[in-house]
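Okay, upload.cif is below, mmCIF, C-alpha atoms:
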```cif
data_entry
loop_
_atom_site.group_PDB
_atom_site.id
_atom_site.type_symbol
_atom_site.label_atom_id
_atom_site.label_comp_id
_atom_site.auth_asym_id
_atom_site.auth_seq_id
_atom_site.Cartn_x
_atom_site.Cartn_y
_atom_site.Cartn_z
ATOM 1 C CA MET A 1 132.880 181.134 118.402
ATOM 2 C CA ALA A 2 132.951 184.936 118.798
ATOM 3 C CA SER A 3 131.257 185.420 115.391
ATOM 4 C CA VAL A 4 128.503 183.031 116.399
ATOM 5 C CA LEU A 5 127.767 185.025 119.522
ATOM 6 C CA VAL A 6 127.752 188.424 117.767
ATOM 7 C CA GLY A 7 124.252 189.800 117.291
ATOM 8 C CA HIS A 8 122.659 187.785 120.084
ATOM 9 C CA ALA A 9 121.227 189.209 123.196
ATOM 10 C CA PRO A 10 123.198 188.719 126.432
ATOM 11 C CA GLU A 11 120.690 186.172 127.702
ATOM 12 C CA GLN A 12 120.897 184.190 124.485
ATOM 13 C CA ARG A 13 124.703 184.337 124.529
ATOM 14 C CA SER A 14 124.746 182.869 128.077
ATOM 15 C CA ARG A 15 122.477 180.018 127.087
ATOM 16 C CA LEU A 16 124.613 179.293 124.032
ATOM 17 C CA LEU A 17 127.796 179.254 126.124
ATOM 18 C CA ILE A 18 126.205 176.811 128.564
ATOM 19 C CA ALA A 19 125.143 174.525 125.725
ATOM 20 C CA VAL A 20 128.637 174.587 124.208
ATOM 21 C CA ALA A 21 130.178 173.801 127.619
ATOM 22 C CA LEU A 22 127.835 170.856 128.043
ATOM 23 C CA VAL A 23 128.816 169.517 124.632
ATOM 24 C CA PHE A 24 132.523 169.743 125.462
ATOM 25 C CA ALA A 25 131.903 168.124 128.855
ATOM 26 C CA ALA A 26 130.111 165.214 127.203
ATOM 27 C CA ILE A 27 132.928 164.787 124.697
ATOM 28 C CA ALA A 28 135.495 164.799 127.556
ATOM 29 C CA ALA A 29 133.482 162.197 129.488
ATOM 30 C CA VAL A 30 133.369 159.934 126.450
ATOM 31 C CA LEU A 31 137.136 160.269 125.943
ATOM 32 C CA VAL A 32 137.814 159.453 129.629
ATOM 33 C CA PHE A 33 135.536 156.407 129.458
ATOM 34 C CA VAL A 34 137.276 155.113 126.347
ATOM 35 C CA ALA A 35 140.700 155.619 127.938
ATOM 36 C CA LEU A 36 139.684 153.774 131.100
ATOM 37 C CA GLN A 37 138.167 150.928 129.105
ATOM 38 C CA ASN A 38 141.357 150.527 127.084
ATOM 39 C CA ARG A 39 143.438 150.458 130.277
ATOM 40 C CA ASP A 40 141.209 147.774 131.840
ATOM 41 C CA ASP A 41 141.410 145.671 128.692
ATOM 42 C CA SER A 42 145.209 145.992 128.691
ATOM 43 C CA ALA A 43 145.456 145.044 132.383
ATOM 44 C CA GLY A 44 143.168 142.078 131.846
ATOM 45 C CA ALA A 45 145.283 140.849 128.989
ATOM 46 C CA SER A 46 148.502 141.168 130.976
ATOM 47 C CA GLY A 47 146.885 139.438 133.962
ATOM 48 C CA SER A 48 145.835 136.513 131.797
ATOM 49 C CA ALA A 49 149.347 136.280 130.494
ATOM 50 C CA ALA A 50 150.713 136.171 134.071
ATOM 51 C CA VAL A 51 148.375 133.347 135.044
ATOM 52 C CA ALA A 52 149.174 131.483 131.869
ATOM 53 C CA GLY A 53 152.891 131.671 132.767
ATOM 54 C CA THR A 54 152.528 129.989 136.179
ATOM 55 C CA THR A 55 152.088 126.434 137.429
ATOM 56 C CA SER A 56 149.599 125.349 140.095
ATOM 57 C CA VAL A 57 151.095 123.198 142.852
ATOM 58 C CA VAL A 58 149.785 121.805 146.132
ATOM 59 C CA VAL A 59 151.057 123.505 149.301
ATOM 60 C CA ALA A 60 150.254 123.048 152.977
ATOM 61 C CA ALA A 61 147.472 125.364 154.107
ATOM 62 C CA ASN A 62 148.783 125.293 157.699
ATOM 63 C CA ASP A 63 151.764 123.908 159.626
ATOM 64 C CA LEU A 64 151.558 120.101 159.626
ATOM 65 C CA PRO A 65 153.398 117.905 162.151
ATOM 66 C CA ALA A 66 155.137 114.738 161.011
ATOM 67 C CA ASN A 67 152.911 111.661 160.650
ATOM 68 C CA THR A 68 149.789 113.779 159.979
ATOM 69 C CA LEU A 69 147.129 111.962 157.946
ATOM 70 C CA LEU A 70 146.272 114.354 155.125
ATOM 71 C CA ASP A 71 142.904 115.432 153.797
ATOM 72 C CA THR A 72 142.120 118.095 151.195
ATOM 73 C CA SER A 73 141.157 120.696 153.831
ATOM 74 C CA MET A 74 144.812 120.798 154.949
ATOM 75 C CA LEU A 75 146.018 121.622 151.431
ATOM 76 C CA GLU A 76 145.588 124.344 148.845
ATOM 77 C CA LEU A 77 146.667 125.127 145.297
ATOM 78 C CA ARG A 78 149.081 127.971 144.667
ATOM 79 C CA ALA A 79 150.225 129.440 141.321
ATOM 80 C CA LEU A 80 154.012 129.700 141.145
ATOM 81 C CA PRO A 81 156.521 130.581 138.438
ATOM 82 C CA PRO A 82 157.816 127.410 136.773
ATOM 83 C CA ASP A 83 161.368 127.940 138.071
ATOM 84 C CA ALA A 84 160.033 128.001 141.672
ATOM 85 C CA VAL A 85 158.256 124.631 141.411
ATOM 86 C CA LEU A 86 160.058 121.746 143.149
ATOM 87 C CA GLU A 87 160.686 118.525 141.256
ATOM 88 C CA GLY A 88 157.785 116.098 141.679
ATOM 89 C CA ALA A 89 155.496 118.673 143.334
ATOM 90 C CA PHE A 90 151.866 117.507 143.380
ATOM 91 C CA ALA A 91 149.318 119.404 141.289
ATOM 92 C CA ASP A 92 146.177 117.735 142.689
ATOM 93 C CA SER A 93 145.178 117.827 146.367
ATOM 94 C CA ALA A 94 142.935 114.788 145.953
ATOM 95 C CA ALA A 95 145.983 112.650 145.087
ATOM 96 C CA LEU A 96 147.364 113.277 148.594
ATOM 97 C CA ALA A 97 144.234 112.460 150.580
ATOM 98 C CA GLY A 98 144.918 109.579 152.965
ATOM 99 C CA MET A 99 148.705 109.911 152.831
ATOM 100 C CA ALA A 100 150.801 110.894 155.863
ATOM 101 C CA THR A 101 153.480 113.547 156.219
ATOM 102 C CA ARG A 102 156.942 112.060 156.717
ATOM 103 C CA PHE A 103 158.398 115.294 158.125
ATOM 104 C CA PRO A 104 156.969 118.475 159.665
ATOM 105 C CA VAL A 105 155.676 120.653 156.808
ATOM 106 C CA SER A 106 155.395 124.435 157.135
ATOM 107 C CA ALA A 107 152.420 126.457 155.882
ATOM 108 C CA GLY A 108 152.921 127.343 152.216
ATOM 109 C CA GLU A 109 155.509 124.584 151.686
ATOM 110 C CA GLN A 110 155.176 122.582 148.479
ATOM 111 C CA ILE A 111 154.270 118.893 148.826
ATOM 112 C CA THR A 112 156.606 116.478 147.037
ATOM 113 C CA PRO A 113 156.808 112.644 147.120
ATOM 114 C CA ILE A 114 159.699 112.617 149.598
ATOM 115 C CA LYS A 115 157.556 114.505 152.136
ATOM 116 C CA VAL A 116 154.633 112.075 152.204
ATOM 117 C CA GLY A 117 154.184 108.370 152.887
ATOM 118 C CA LEU A 118 151.531 105.869 151.922
ATOM 119 C CA ASN A 119 150.575 104.906 155.469
ATOM 120 C CA GLN A 120 150.467 106.655 158.799
ATOM 121 C CA ILE A 121 152.655 105.139 161.542
ATOM 122 C CA GLU A 122 150.283 103.881 164.226
ATOM 123 C CA ASN A 123 152.933 103.003 166.837
ATOM 124 C CA ARG A 124 155.683 105.609 166.931
ATOM 125 C CA ASP A 125 157.451 103.779 169.763
ATOM 126 C CA ASP A 126 158.176 100.720 167.627
ATOM 127 C CA VAL A 127 161.926 101.116 167.091
ATOM 128 C CA SER A 128 161.981 98.126 164.730
ATOM 129 C CA GLN A 129 160.356 100.417 162.141
ATOM 130 C CA VAL A 130 163.300 102.794 162.433
ATOM 131 C CA LEU A 131 165.922 100.211 161.472
ATOM 132 C CA PRO A 132 167.023 100.123 157.838
ATOM 133 C CA GLN A 133 166.600 96.775 156.124
ATOM 134 C CA GLY A 134 169.391 94.332 156.976
ATOM 135 C CA MET A 135 170.486 96.208 160.097
ATOM 136 C CA ARG A 136 170.169 95.303 163.781
ATOM 137 C CA ALA A 137 169.583 97.379 166.900
ATOM 138 C CA PHE A 138 172.393 96.742 169.377
ATOM 139 C CA ALA A 139 172.870 98.399 172.773
ATOM 140 C CA VAL A 140 176.255 99.186 174.290
ATOM 141 C CA LYS A 141 177.038 100.231 177.830
ATOM 142 C CA VAL A 142 177.747 103.937 178.286
ATOM 143 C CA ALA A 143 178.154 106.476 181.050
ATOM 144 C CA GLU A 144 178.252 110.252 180.901
ATOM 145 C CA VAL A 145 181.969 110.326 180.118
ATOM 146 C CA THR A 146 182.082 107.401 177.693
ATOM 147 C CA GLY A 147 178.936 108.672 175.932
ATOM 148 C CA ALA A 148 180.424 111.991 174.727
ATOM 149 C CA GLY A 149 179.741 113.807 177.976
ATOM 150 C CA GLY A 150 176.064 112.891 177.996
ATOM 151 C CA LEU A 151 175.457 115.098 174.934
ATOM 152 C CA LEU A 152 174.364 112.332 172.555
ATOM 153 C CA LEU A 153 170.902 112.431 170.983
ATOM 154 C CA PRO A 154 169.030 109.896 168.850
ATOM 155 C CA GLY A 155 169.998 110.504 165.238
ATOM 156 C CA ASN A 156 173.617 111.440 165.974
ATOM 157 C CA PHE A 157 176.386 109.483 164.246
ATOM 158 C CA VAL A 158 179.298 108.123 166.265
ATOM 159 C CA ASP A 159 182.509 106.133 166.049
ATOM 160 C CA VAL A 160 182.772 103.171 168.439
ATOM 161 C CA ILE A 161 186.098 102.819 170.260
ATOM 162 C CA ALA A 162 187.039 99.867 172.485
ATOM 163 C CA VAL A 163 189.745 100.217 175.138
ATOM 164 C CA PHE A 164 191.387 96.891 176.025
ATOM 165 C CA PRO A 165 193.219 96.651 179.349
ATOM 166 C CA GLU A 166 196.707 95.238 179.554
ATOM 167 C CA THR A 167 197.070 92.150 181.713
ATOM 168 C CA SER A 168 200.132 90.775 183.447
ATOM 169 C CA ASN A 169 200.091 87.463 185.326
ATOM 170 C CA GLY A 170 196.311 87.496 185.178
ATOM 171 C CA GLU A 171 196.086 90.974 186.734
ATOM 172 C CA THR A 172 194.775 94.039 184.946
ATOM 173 C CA THR A 173 197.184 96.965 184.792
ATOM 174 C CA SER A 174 196.859 100.265 182.912
ATOM 175 C CA PRO A 175 194.926 100.473 179.602
ATOM 176 C CA ALA A 176 197.208 99.475 176.769
ATOM 177 C CA ARG A 177 195.249 99.566 173.501
ATOM 178 C CA ALA A 178 192.393 101.587 171.995
ATOM 179 C CA VAL A 179 190.792 100.278 168.808
ATOM 180 C CA THR A 180 188.244 101.985 166.568
ATOM 181 C CA LEU A 181 185.800 99.152 166.026
ATOM 182 C CA LEU A 182 183.204 100.945 163.906
ATOM 183 C CA GLN A 183 182.872 104.298 162.180
ATOM 184 C CA ASP A 184 179.871 106.415 161.197
ATOM 185 C CA VAL A 185 177.239 104.447 163.124
ATOM 186 C CA GLU A 186 173.757 105.888 163.637
ATOM 187 C CA LEU A 187 172.322 106.163 167.145
ATOM 188 C CA ILE A 188 168.688 105.157 167.171
ATOM 189 C CA ALA A 189 168.246 105.541 170.941
ATOM 190 C CA VAL A 190 169.985 106.942 174.009
ATOM 191 C CA GLY A 191 168.545 105.438 177.161
ATOM 192 C CA GLN A 192 164.797 105.394 176.513
ATOM 193 C CA GLU A 193 164.800 108.359 174.120
ATOM 194 C CA ALA A 194 164.492 106.844 170.644
ATOM 195 C CA GLN A 195 163.961 107.943 167.079
ATOM 196 C CA GLU A 196 160.475 107.869 165.568
ATOM 197 C CA PRO A 197 159.858 105.875 162.386
ATOM 198 C CA TYR A 198 159.059 107.644 159.120
ATOM 199 C CA PRO A 199 156.033 106.646 157.081
ATOM 200 C CA ALA A 200 157.216 104.735 154.004
ATOM 201 C CA GLN A 201 157.971 107.074 151.126
ATOM 202 C CA ALA A 202 155.059 107.439 148.711
ATOM 203 C CA ASP A 203 156.996 106.628 145.536
ATOM 204 C CA GLY A 204 158.687 103.602 147.116
ATOM 205 C CA GLU A 205 162.208 104.964 146.657
ATOM 206 C CA SER A 206 164.668 104.903 149.550
ATOM 207 C CA THR A 207 165.983 108.231 150.867
ATOM 208 C CA GLY A 208 168.571 106.709 153.192
ATOM 209 C CA LEU A 209 166.572 108.041 156.126
ATOM 210 C CA SER A 210 165.167 105.539 158.591
ATOM 211 C CA GLY A 211 163.835 107.620 161.468
ATOM 212 C CA ARG A 212 163.571 111.111 162.870
ATOM 213 C CA ARG A 213 164.328 112.678 166.213
ATOM 214 C CA PRO A 214 161.069 113.322 168.081
ATOM 215 C CA ASP A 215 160.111 116.881 168.953
ATOM 216 C CA GLY A 216 161.124 117.828 172.486
ATOM 217 C CA VAL A 217 163.647 115.008 172.938
ATOM 218 C CA GLU A 218 166.077 115.652 175.799
ATOM 219 C CA ARG A 219 169.662 114.557 176.403
ATOM 220 C CA GLN A 220 170.146 111.651 178.789
ATOM 221 C CA PRO A 221 173.441 112.188 180.680
ATOM 222 C CA ASP A 222 172.469 109.416 183.136
ATOM 223 C CA ALA A 223 171.683 106.909 180.391
ATOM 224 C CA GLN A 224 173.404 103.553 180.834
ATOM 225 C CA SER A 225 172.964 102.373 177.254
ATOM 226 C CA ALA A 226 173.055 103.656 173.703
ATOM 227 C CA THR A 227 171.403 101.693 170.900
ATOM 228 C CA LEU A 228 173.179 101.565 167.546
ATOM 229 C CA ALA A 229 172.055 100.488 164.089
ATOM 230 C CA VAL A 230 174.688 97.952 162.978
ATOM 231 C CA SER A 231 175.071 94.988 160.676
ATOM 232 C CA PRO A 232 174.658 91.454 162.081
ATOM 233 C CA GLU A 233 178.435 90.934 161.878
ATOM 234 C CA ASP A 234 179.137 94.152 163.786
ATOM 235 C CA ALA A 235 176.548 93.170 166.403
ATOM 236 C CA ARG A 236 178.496 89.952 167.074
ATOM 237 C CA LEU A 237 181.751 91.903 167.263
ATOM 238 C CA LEU A 238 180.325 94.338 169.820
ATOM 239 C CA ALA A 239 178.956 91.475 171.900
ATOM 240 C CA LEU A 240 182.373 89.791 172.057
ATOM 241 C CA VAL A 241 184.176 93.029 172.886
ATOM 242 C CA GLN A 242 181.823 93.872 175.732
ATOM 243 C CA GLU A 243 182.045 90.357 177.147
ATOM 244 C CA SER A 244 185.851 90.561 177.057
ATOM 245 C CA GLY A 245 185.751 93.345 179.627
ATOM 246 C CA ALA A 246 186.809 96.140 177.260
ATOM 247 C CA ALA A 247 185.323 99.577 177.820
ATOM 248 C CA ILE A 248 183.194 101.017 174.994
ATOM 249 C CA TRP A 249 183.528 104.710 174.193
ATOM 250 C CA LEU A 250 181.359 106.633 171.712
ATOM 251 C CA SER A 251 182.949 109.499 169.799
ATOM 252 C CA MET A 252 180.345 111.864 168.276
ATOM 253 C CA ARG A 253 180.845 112.925 164.659
ATOM 254 C CA PRO A 254 180.060 116.394 163.248
ATOM 255 C CA ALA A 255 176.673 116.777 161.580
ATOM 256 C CA GLY A 256 176.899 115.649 157.962
ATOM 257 C CA ASP A 257 180.371 114.092 158.350
ATOM 258 C CA HIS A 258 180.220 110.499 157.097
ATOM 259 C CA GLU A 259 183.816 110.104 155.928
ATOM 260 C CA THR A 260 185.819 107.231 157.377
ATOM 261 C CA VAL A 261 189.442 107.787 158.394
ATOM 262 C CA ASP A 262 192.518 105.566 158.556
ATOM 263 C CA GLY A 263 194.338 104.635 161.735
ATOM 264 C CA ASP A 264 192.153 102.364 163.820
ATOM 265 C CA GLU A 265 194.451 101.547 166.764
ATOM 266 C CA THR A 266 196.484 103.402 169.363
ATOM 267 C CA VAL A 267 198.866 101.623 171.745
ATOM 268 C CA LEU A 268 199.893 103.039 175.103
ATOM 269 C CA GLU A 269 203.477 102.116 175.849
ATOM 270 C CA PRO A 270 204.100 100.764 179.381
ATOM 271 C CA ALA A 271 206.163 103.751 180.495
ATOM 272 C CA VAL A 272 206.326 102.853 184.224
ATOM 273 C CA PRO A 273 207.761 99.309 183.807
ATOM 274 C CA ALA A 274 210.354 100.675 181.357
ATOM 275 C CA ALA A 275 211.487 103.277 183.872
ATOM 276 C CA ARG A 276 211.769 100.563 186.542
ATOM 277 C CA GLU A 277 213.972 98.403 184.282
ATOM 278 C CA SER A 278 216.343 101.294 183.560
ATOM 279 C CA THR A 279 216.720 101.930 187.308
ATOM 280 C CA GLU A 280 217.622 98.281 187.972
ATOM 281 C CA GLU A 281 220.356 98.448 185.357
#
```

Please, can you express the file's structure as structure tokens?
Amino acid sequence: MASVLVGHAPEQRSRLLIAVALVFAAIAAVLVFVALQNRDDSAGASGSAAVAGTTSVVVAANDLPANTLLDTSMLELRALPPDAVLEGAFADSAALAGMATRFPVSAGEQITPIKVGLNQIENRDDVSQVLPQGMRAFAVKVAEVTGAGGLLLPGNFVDVIAVFPETSNGETTSPARAVTLLQDVELIAVGQEAQEPYPAQADGESTGLSGRRPDGVERQPDAQSATLAVSPEDARLLALVQESGAAIWLSMRPAGDHETVDGDETVLEPAVPAARESTEE
């Protein structure tokens, strides 16, 4: 470069330097453009690969209450990794139009067959729609104490205990016998607070769920009845027990505990009469 500039006037040398600088600047601009173009192409390729590795599923666009009749405006498609897709998740919003939600669905939650039903429930107060097939709704008398302290709610599971009084010469004395009549029985109503029916499941399969507890349900400590879902045979048994004068007690089970236990009767020994006999001797 120095040899090129030798022999030129200062003004000429300045012009030549400017021209050389412009050439180098143009070359640098071209190199930068090529580098940026290559980076964009690489990012585009990796982006396409990411989309290709996902699965589109239908999710709720907003929070949806139970028994909501669906239309496509309430739903949207979302691309998820295959291992995050729930079994049976819908891939087409149009397939869900006209169905009803069986449970509350949160925004962004995937829609699966268990969460939707074919028909919306028009009358949520119809308890007959809550009963599983083959079962009967049967009410028993309760008070705050005999109904687990007034803490029972529709949807709880209980054991039914009958306390039979001891009689002597036609007179009732102290309670003598407590019998567990039924175990793991579902409460469908306490007083006038009852479960709501689910829409029938879309795929026709049974989930073992018959109804749901309504939002905002309150405990009924003053309730005088509790309605149970029982078999026809158990309904007859409960009717006879109540008519016999026995007291019905409901023992609430822990959530999710459906195991039955042995030992269905407890006898209270007549301690007072025994003490009286020993004194007479």

Nearest-residue call for A:Ala148, choices A:Ser56, A:Gln201, A:Thr260, A:Ser251, using only C-alpha atoms: A:Ser251

Using the chain letters and numbering of this document, enumerate as a compact mmCIF listing (two decimals) with C-alpha atoms, in the coordinates of the input the residues selected by the PyMOL selection byres ((chain A and resi 179) around 10).
```txt
# COMPACT_ATOMS: atom_id res chain seq x y z
CA VAL A 160 182.77 103.17 168.44
CA ILE A 161 186.10 102.82 170.26
CA ALA A 162 187.04 99.87 172.48
CA VAL A 163 189.74 100.22 175.14
CA PHE A 164 191.39 96.89 176.02
CA ARG A 177 195.25 99.57 173.50
CA ALA A 178 192.39 101.59 172.00
CA THR A 180 188.24 101.98 166.57
CA LEU A 181 185.80 99.15 166.03
CA LEU A 182 183.20 100.94 163.91
CA ILE A 248 183.19 101.02 174.99
CA GLY A 263 194.34 104.64 161.74
CA ASP A 264 192.15 102.36 163.82
CA GLU A 265 194.45 101.55 166.76
CA THR A 266 196.48 103.40 169.36
CA VAL A 267 198.87 101.62 171.74
```

Expansion of the PyMOL selection byres ((chain A and resi 232) around 12) into residues, as a list in words: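 That selection, the PyMOL selection byres ((chain A and resi 232) around 12), comes back as Gln133, Gly134, Met135, Arg136, Ala137, Phe138, Leu228, Ala229, Val230, Ser231, Glu233, Asp234, Ala235, Arg236, Leu237, Leu238 and Ala239 of chain A.
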
Among the residues A:Met99, A:Leu77, A:Leu268, A:Ala107, the one that comes closest to A:Thr55 [using only C-alpha atoms]: A:Leu77

From A:Val185, A:Ile18, A:Val58, A:Ala25, residue lying nearest A:Val85 [only C-alpha atoms]: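 Among the listed residues, A:Val58 lies closest to A:Val85.
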